[in-house]
Structure formats: structure tokens, C-alpha cells
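Worksheet: one structure, shown below.
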Protein chains: 2
Amino acid sequence: MSGENQVIENLRQAEILKLSRRAGVSSAIGDDTAIWRPRPGFETLLSCDWFLEGSHFLPERHRPDSVGWKCLARAVSDIAAMGGTPRCFLLSLALPKDRAGRWLDEFVKGLKAASRALNCPIAGGDTTRRDEVLINIAVVGESRRGFAVSRTGARAGDAIFVSGRLGEAEYGLRHIRARPGPPNLRDPLLRKHLYPRPRLALGAWLASQKLASAMMDLSDGLSTDLLRLCAASKVGSEVQAARVPTIRLATYDRTKLDPLALALHGGDDYELLFTVRQEKVAQIPRSKAGIPLTLIGHITSGRRMLLIDETSEPSPLEPKGWDPFRA
Amino acid sequence: MSGENQVIENLRQAEILKLSRRAGVSSAIGDDTAIWRPRPGFETLLSCDWFLEGSHFLPERHRPDSVGWKCLARAVSDIAAMGGTPRCFLLSLALPKDRAGRWLDEFVKGLKAASRALNCPIAGGDTTRRDEVLINIAVVGESRRGFAVSRTGARAGDAIFVSGRLGEAEYGLRHIRARPGPPNLRDPLLRKHLYPRPRLALGAWLASQKLASAMMDLSDGLSTDLLRLCAASKVGSEVQAARVPTIRLATYDRTKLDPLALALHGGDDYELLFTVRQEKVAQIPRSKAGIPLTLIGHITSGRRMLLIDETSEPSPLEPKGWDPFRA
């Protein structure tokens, strides 16, 4: 058995493939190509995401099971953002020799847990040797024909909503970076950073009810992602600073962190950002399945991005979220 | 416009997206998720491939347009190996800052040429910054229900065929490594290494006629790939050394290279390796659309891999092709 086959064997033994067979994916890992049977009346959603050592996770701070969970969860979040359902994924994994043992076992454990929780089995992949861990996940999802929500449909006057509280994952990252030793996994803000849960049920509900005119997930921070949504829809926006749902820092270090800055610019929340026509705003509940849904502003016809603070003049909302290509 | 959007804009301006719209891929680059409409009666084929600086190409020896062509061509070759038709692909690209200009332009030129030649438009992707060029391509293809050929169907007695001549790409790689300066692009062996052409028409024909009982593409060398096919089919094989179609070294350096070793262990040929039931062997022509089809041996019921040389005892055919995980 060749070395490449050994990595594949490791995945096989983790029984991660059982999930694939149940989902009707026929070739799965071992063949170069997987066969998947799309359902009639559905469109196929395709998305891929990098997850790279040093860029997206820190080998000495992030547990391998969290790396396994998160690489899949964030890719599936792109499917949630269209209102779709994930169906299967491809794993491209490049590994250093010294991670092929215990590290890989733990990684697969986290990946398998996410695969189960998100009902998204592995369909195949490609493995190679590299001096750093490189991960790429391609997710295949589906959506009933004509129901997928893109980021291009926002119109002037639409209300802007977000799910959950923003800045939680960024807080978790800062916490983990600042404190040596293993993280306290019972801390919900750390869990949100380490084991994010894409808003699949919420996205699917908004899409099926035709409530969202545009939608995307918050992966790089509200200020950066809202700019992308507005650019795609060729509109502008006004966000009310006081309405943005921030983390409650009562039990945390109040002196150093600004909850609003965390919420506006912090990445990795994987909450949903969506717009709703005025006549449908009343149909959006305050929360859905325990997840708060908050109206934070409105779409405008100009192309300006404004932050409205009751105590001062409106100021430009600058994209200060995560962008790998900025400076 | 953010930095990430600038890379996307570069792809947009290259008009690579025009091809996508024509193929019915609706979101394409710019959205995180693409929408693709599968045809009824077809199965979806999914495959992904790494193409990494230093591992799969050498930045100082491989022109960026060849990198662009080859990253897509080799991924599409996995679809050819199932007898399928490529429909669209996702590009994950990590780039150093100093490659975002001319290098990227040339890369996109090669990628676009391959996209056109292989009729496989881009559907989306993910871009990020990195200190080395990292590429991952996920290809989506399709195949009429029940016609895809996997590597598991070989049975004892089946004839083993290969397309083309083997070792050509390996020769090209050695040539490029050994000689400084720009490669002579009119040399067909160098072209095969730099701009491989997956055997799409041949694969589709073999699948549609139900002639191949098992099939895969030769990416890592015959000795390594045949072992994989045999392992997947739980069989063994006997290859006749004298029948293996090698390169003709008449015009090349005869002293240093062994054409048979190049053919058995050289990678990157992207020719097809397929097995055919005895009763169908007569239906395989000597060549198809100019590509030679050569019977090189037989599948056996044991699990041994043998190389038969008329002048000596049979010897084990050891997998000495490219395997990133071997030592």
C-alpha cells in the first residue's frame, strides 16, 4: 500500500465514509472522482474554501479537531447563505509527515463530527505531502429551483438584518491568542470561534418563504461583507450603530475591547446577513429557533456605506474586516 | 474595492466568465457559491486536485500560462477517466503579492485557453494571499446514468490497454529541469508536459460503448496507477514489457534515459489506462482519432503485479511512480 493510500485508509477507518454511502454518493474516497445523483427539480450549489495553517488557523493554538470541524463548517456556511442544503463535500488535504499520526486522527474526528452534525458526507478528495497543513473544502449543495438567494437582490428601502450576536468569534480568537494553555471549551464564545455552526435551518427557512431579497454569510466581518453585498446589488447602506447586536462583555475584560468594533469588523461569526423588502419586515420574528434576528439598518440608493450614531454625525462605514489581500 | 475583489476583477476582465454564462452556470465568481443546473438522466461527477508550487510545478521553470493550463487539464483528466464530460470548475487560488500582476495575467491566459479547449467554464472559487502559489481545482462533470466507468470493475482475464505513448511528460519534465532558458514549445514532448490534453473524447467513447470494464487516468506513472486500479478491483496483473508504448528516443539523448523506465514510472501523461473483457477486445481499434490504443497485458486473479520480459523470468512490477507520501 502506497503512502497516499495510507492517508486514505485512515479516513476510511474513521468510518467517515459510512455517511457518504447513506447519502447516495457512490464512489467516495479512493477513486479520483465521485459520483453524485442530483434530485430532479433542484439546482446544484457549488462552493469552495481555503483553510490554511498560519492564515486561517494557528497550529499551536487551534486543536486539530477544531480545524477539522471548522474547515467544513465554514464551507457549508456558504450553502446556508444561499438558503440551500449541503449534500456532500470534497476534501483536499496537504499534510506534513509529522501530522499523519495523532494530529490526523484528531482532525478526522472533528471533521466527522461536523459531517454528521451538518448532514454533509465526504464524497472524495485529494491528499498530498507538504511542509504545512493546507486544506481546501469544496461543498456541493442543492436548492429547489428558483429558491436560492444570491447577494445581488437588495434594493433601496430594504431592511438589513443579521442573525445572532456579532463579534463573538473574534472575541474567541483574541482570547485564545492572548492566553496560553488549553482553551476552556465550555465558554460559548470560544466554542463559537472553534466550532462554528452555520445557520442552515434559518437560511433554508428564509429562502423557502421568499423573505430574503439578498443574503450572505458573515465570514470576514460585517463592514467588509456588507460592502460586498451592496457592491453586488449596486446599492448603499445605513447601519444604526446602536442596533448592532454585540457581545455582552459584562463577564469579560471591559477595558480593552470595544464590542461595537468587534461586531463591525470581527470575522468568523458565520451568522447570516440578509435584506428584506419593507412589506415583509413584519414577517421576520425577533428570533427563530433561539437565534436572535435583528434589524440593523436599511439599504439606500446611493453607493455610500454609512454608520449612524445618535450622538454624532453619520460616518463612513469602512471595510475593516478580514481581507487577505489588503496591505 | 477590496484586495480580494481586485483578484476577482482580474479574472472578470479576462472574460473567462463569458464561458460560464454560456454554459448555464449562474452565479460564477464574485458570489461565494455558484448555481449549476444538472441535466435530468445524468449523474454528477466530482473531483478535485492540488497543484502546488514546488510540489507540482517549479516557479522558475514552468511558465505561468502552462501552470494555468495544466492545473485545469489534470483535474479534467479525472472526469475523462470516468468517461464523463466536464461541465464547470471552481478555482481556489492562493497568491503571493508579487504574482498578482503579470504572473496572474499569464496564468489566467493559460487557464482560459484550457477552459475553452476543454469546454469547462469557471463556476466560482476562493482567493487568498500566501507566500507561495497554491492552486486547487474542483471539477464538476456529468455522465449519463449508469455509464460512468470506475476503477473497480476489472476481472481476471480482462485485457489491459493504454492510450498514447507513456513517459513523454516525464521526458519533458527532465528536459526542462536539465536545460536553462525558455523551453522550445514546438517540441511535442515538452508540450505534453506543459500543456497536457486529457483524453475526453476517447474516455467518453469507451464509456458510451460499454467497452471499458475499469478505467483511470495515468497521472502518477503506470506502475503506481495500475497498482491502484488492481487494488480497487481486487485483482493482479501481468504487463508485457515489450508491448508498452514508449517514447522514441531516436532524436533524443539515448545514453541516459531508459524509455521503458520512463513509460512504467513517469508521471503526468494523462493518458487512459483501461481494461476490456476478452470478448470485446476485437472492438478496440489500433488507434482512435489519431491516439494509439495498445494492449499491454492482462488482469490476473492473484494479487501479484508482474512485468513479463521475454528474455528473463517475470519480475514484480514495483510502484515507482509519483507518490507524495512515499519516504
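Convention: chains lettered A, B, ... in C-alpha cells order; per-chain residue numbering from 1; ligands numbered from 1 as shown.
The list of residues with at least one atom within 7 Å of Lys70 in chain A, based on only C-alpha atoms and without residues fewer than 3 positions apart in the same chain, reads Ser66, Val67, Ala73, Arg74, Leu194, Tyr195 and Pro196 of chain A.
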- Enumerate the residues of range 124-193 of chain A with a DSSP assignment of strand (DSSP E), computed from the backbone, and present them as a VMD selection string. chain A and resid 124 to 129 134 to 144 159 to 163
Margin query: Show me, as a PyMOL selection string, the residues that have an atom within 12 Å of Leu200 in chain B when counting only C-alpha atoms, minus same-chain residues fewer than 3 positions from it.
Written below: chain B and resi 73-86+117-120+141+143+163+196-197+203-207+216-217+270-272+288-289+291
Could those selected residues go to a file with N, CA, C and O atoms, as a short mmCIF file (atom, residue, chain, number, x, y, z; two decimals), in the first residue's frame?
data_model
loop_
_atom_site.label_atom_id
_atom_site.label_comp_id
_atom_site.auth_asym_id
_atom_site.auth_seq_id
_atom_site.Cartn_x
_atom_site.Cartn_y
_atom_site.Cartn_z
N ALA B 73 -6.33 21.13 -16.77
CA ALA B 73 -6.30 19.94 -17.63
C ALA B 73 -6.19 18.66 -16.79
O ALA B 73 -6.86 17.67 -17.06
N ARG B 74 -5.34 18.68 -15.75
CA ARG B 74 -5.16 17.45 -14.98
C ARG B 74 -6.39 17.13 -14.13
O ARG B 74 -6.71 15.97 -13.90
N ALA B 75 -7.09 18.16 -13.69
CA ALA B 75 -8.32 17.91 -12.92
C ALA B 75 -9.40 17.36 -13.85
O ALA B 75 -10.15 16.44 -13.49
N VAL B 76 -9.48 17.92 -15.05
CA VAL B 76 -10.47 17.44 -16.03
C VAL B 76 -10.16 16.01 -16.45
O VAL B 76 -11.05 15.23 -16.78
N SER B 77 -8.87 15.64 -16.42
CA SER B 77 -8.48 14.28 -16.80
C SER B 77 -9.17 13.23 -15.91
O SER B 77 -9.47 12.13 -16.37
N ASP B 78 -9.45 13.58 -14.65
CA ASP B 78 -10.18 12.65 -13.77
C ASP B 78 -11.60 12.41 -14.27
O ASP B 78 -12.17 11.34 -14.05
N ILE B 79 -12.18 13.42 -14.89
CA ILE B 79 -13.54 13.27 -15.46
C ILE B 79 -13.45 12.41 -16.72
O ILE B 79 -14.29 11.53 -16.94
N ALA B 80 -12.43 12.66 -17.55
CA ALA B 80 -12.20 11.84 -18.76
C ALA B 80 -12.07 10.37 -18.38
O ALA B 80 -12.57 9.49 -19.07
N ALA B 81 -11.40 10.12 -17.25
CA ALA B 81 -11.13 8.75 -16.81
C ALA B 81 -12.40 8.01 -16.39
O ALA B 81 -12.39 6.78 -16.28
N MET B 82 -13.48 8.73 -16.13
CA MET B 82 -14.76 8.09 -15.81
C MET B 82 -15.62 7.98 -17.07
O MET B 82 -16.74 7.48 -17.02
N GLY B 83 -15.14 8.53 -18.16
CA GLY B 83 -15.94 8.59 -19.38
C GLY B 83 -16.93 9.73 -19.37
O GLY B 83 -17.90 9.73 -20.13
N GLY B 84 -16.71 10.70 -18.49
CA GLY B 84 -17.66 11.81 -18.34
C GLY B 84 -17.31 13.03 -19.15
O GLY B 84 -16.29 13.07 -19.85
N THR B 85 -18.17 14.04 -19.04
CA THR B 85 -17.97 15.31 -19.73
C THR B 85 -17.84 16.40 -18.68
O THR B 85 -18.69 16.50 -17.80
N PRO B 86 -16.78 17.23 -18.74
CA PRO B 86 -16.67 18.30 -17.74
C PRO B 86 -17.74 19.35 -17.98
O PRO B 86 -18.11 19.61 -19.12
N ALA B 117 -10.68 25.11 -24.50
CA ALA B 117 -10.34 23.89 -25.24
C ALA B 117 -11.08 22.68 -24.66
O ALA B 117 -11.45 21.76 -25.38
N LEU B 118 -11.27 22.68 -23.34
CA LEU B 118 -11.89 21.54 -22.68
C LEU B 118 -13.38 21.75 -22.46
O LEU B 118 -14.06 20.91 -21.88
N ASN B 119 -13.87 22.91 -22.90
CA ASN B 119 -15.29 23.25 -22.76
C ASN B 119 -15.74 23.14 -21.31
O ASN B 119 -16.75 22.51 -20.99
N CYS B 120 -14.96 23.74 -20.43
CA CYS B 120 -15.22 23.63 -18.99
C CYS B 120 -15.08 25.01 -18.35
O CYS B 120 -13.99 25.42 -17.97
N GLY B 141 -18.45 17.33 -13.39
CA GLY B 141 -18.73 16.79 -14.71
C GLY B 141 -20.04 16.04 -14.69
O GLY B 141 -20.72 15.98 -13.67
N SER B 143 -22.25 12.47 -16.50
CA SER B 143 -22.18 11.22 -17.21
C SER B 143 -23.61 10.66 -17.22
O SER B 143 -24.34 10.78 -16.24
N SER B 163 -3.69 4.31 -23.68
CA SER B 163 -3.72 5.20 -24.84
C SER B 163 -2.37 5.91 -24.96
O SER B 163 -1.63 6.03 -23.98
N PRO B 196 -0.79 19.40 -21.18
CA PRO B 196 -1.39 18.08 -21.44
C PRO B 196 -2.85 18.20 -21.89
O PRO B 196 -3.54 19.15 -21.52
N ARG B 197 -3.28 17.23 -22.70
CA ARG B 197 -4.66 17.21 -23.20
C ARG B 197 -5.35 15.96 -22.69
O ARG B 197 -5.06 14.87 -23.15
N GLY B 203 -12.30 8.71 -23.65
CA GLY B 203 -12.96 8.21 -22.43
C GLY B 203 -14.47 8.13 -22.63
O GLY B 203 -15.12 7.14 -22.25
N ALA B 204 -15.04 9.17 -23.22
CA ALA B 204 -16.49 9.20 -23.42
C ALA B 204 -16.93 8.09 -24.39
O ALA B 204 -17.96 7.45 -24.19
N TRP B 205 -16.12 7.86 -25.41
CA TRP B 205 -16.45 6.80 -26.38
C TRP B 205 -16.40 5.42 -25.72
O TRP B 205 -17.33 4.61 -25.85
N LEU B 206 -15.33 5.14 -24.98
CA LEU B 206 -15.19 3.84 -24.30
C LEU B 206 -16.36 3.62 -23.33
O LEU B 206 -16.88 2.52 -23.21
N ALA B 207 -16.78 4.69 -22.64
CA ALA B 207 -17.88 4.57 -21.68
C ALA B 207 -19.20 4.36 -22.40
O ALA B 207 -19.99 3.48 -22.03
N MET B 216 -8.96 4.43 -15.52
CA MET B 216 -8.45 5.57 -14.75
C MET B 216 -7.46 6.32 -15.63
O MET B 216 -7.09 5.83 -16.70
N ASP B 217 -7.06 7.51 -15.19
CA ASP B 217 -6.06 8.21 -15.99
C ASP B 217 -4.68 7.96 -15.40
O ASP B 217 -4.54 7.64 -14.22
N TYR B 270 -1.36 11.70 -18.38
CA TYR B 270 -2.80 11.90 -18.55
C TYR B 270 -3.35 11.10 -19.72
O TYR B 270 -4.31 11.52 -20.38
N GLU B 271 -2.72 9.96 -19.99
CA GLU B 271 -3.30 9.00 -20.93
C GLU B 271 -4.30 8.15 -20.14
O GLU B 271 -4.38 8.23 -18.91
N LEU B 272 -5.07 7.33 -20.84
CA LEU B 272 -6.04 6.47 -20.16
C LEU B 272 -5.50 5.05 -20.03
O LEU B 272 -4.87 4.52 -20.95
N LYS B 288 -7.57 5.60 -32.16
CA LYS B 288 -8.87 6.28 -32.21
C LYS B 288 -8.56 7.77 -32.30
O LYS B 288 -7.89 8.33 -31.40
N ALA B 289 -9.04 8.40 -33.37
CA ALA B 289 -8.78 9.83 -33.60
C ALA B 289 -7.29 10.15 -33.46
O ALA B 289 -6.91 11.15 -32.85
N ILE B 291 -5.00 8.66 -31.74
CA ILE B 291 -4.34 8.26 -30.49
C ILE B 291 -4.19 6.74 -30.47
O ILE B 291 -5.19 6.02 -30.52
#
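Note that CA of Thr128 in chain B and CA of Pro182 in chain A are 28.8 Å apart.
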Q) Per DSSP on the backbone, what are the helix (DSSP H, G or I) residues of range 24-258 of chain B, as JSON, numbers by chain? A) {"B": [64, 65, 66, 67, 68, 69, 70, 71, 72, 73, 74, 75, 76, 77, 78, 79, 80, 97, 98, 99, 102, 103, 104, 105, 106, 107, 108, 109, 110, 111, 112, 113, 114, 115, 116, 117, 168, 169, 170, 171, 172, 173, 174, 175, 176, 177, 178, 188, 189, 190, 191, 192, 193, 194, 200, 201, 202, 203, 204, 205, 206, 207, 208, 222, 223, 224, 225, 226, 227, 228, 229, 230, 231, 232, 233, 241, 242, 243]}
Just want the 6 Å neighbourhood of range 277-286 of chain A, counted on only C-alpha atoms, with same-chain residues fewer than 6 positions away dropped. Output as a compact mmCIF listing (two decimals) with all heavy atoms, in the first residue's frame.
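The result, written out as selection-v1.txt:
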# COMPACT_ATOMS: atom_id res chain seq x y z
N ASP A 158 -34.94 48.31 1.40
CA ASP A 158 -34.93 47.01 2.09
C ASP A 158 -34.33 47.18 3.49
O ASP A 158 -33.40 47.98 3.69
CB ASP A 158 -34.06 45.99 1.34
CG ASP A 158 -34.73 45.45 0.08
OD1 ASP A 158 -35.84 45.91 -0.25
OD2 ASP A 158 -34.13 44.56 -0.57
N PRO A 292 -31.41 35.12 17.70
CA PRO A 292 -31.98 36.45 17.50
C PRO A 292 -31.82 36.95 16.07
O PRO A 292 -30.79 36.70 15.44
CB PRO A 292 -31.19 37.34 18.48
CG PRO A 292 -30.03 36.54 18.93
CD PRO A 292 -30.32 35.10 18.68
N LEU A 293 -32.87 37.60 15.55
CA LEU A 293 -32.80 38.23 14.22
C LEU A 293 -32.98 39.72 14.44
O LEU A 293 -34.01 40.15 14.98
CB LEU A 293 -33.90 37.68 13.31
CG LEU A 293 -33.94 36.15 13.16
CD1 LEU A 293 -35.09 35.72 12.24
CD2 LEU A 293 -32.61 35.63 12.61
In Å and to one decimal, CA of Leu185 in chain A is distant from CA of Leu52 in chain A by 22.6 Å
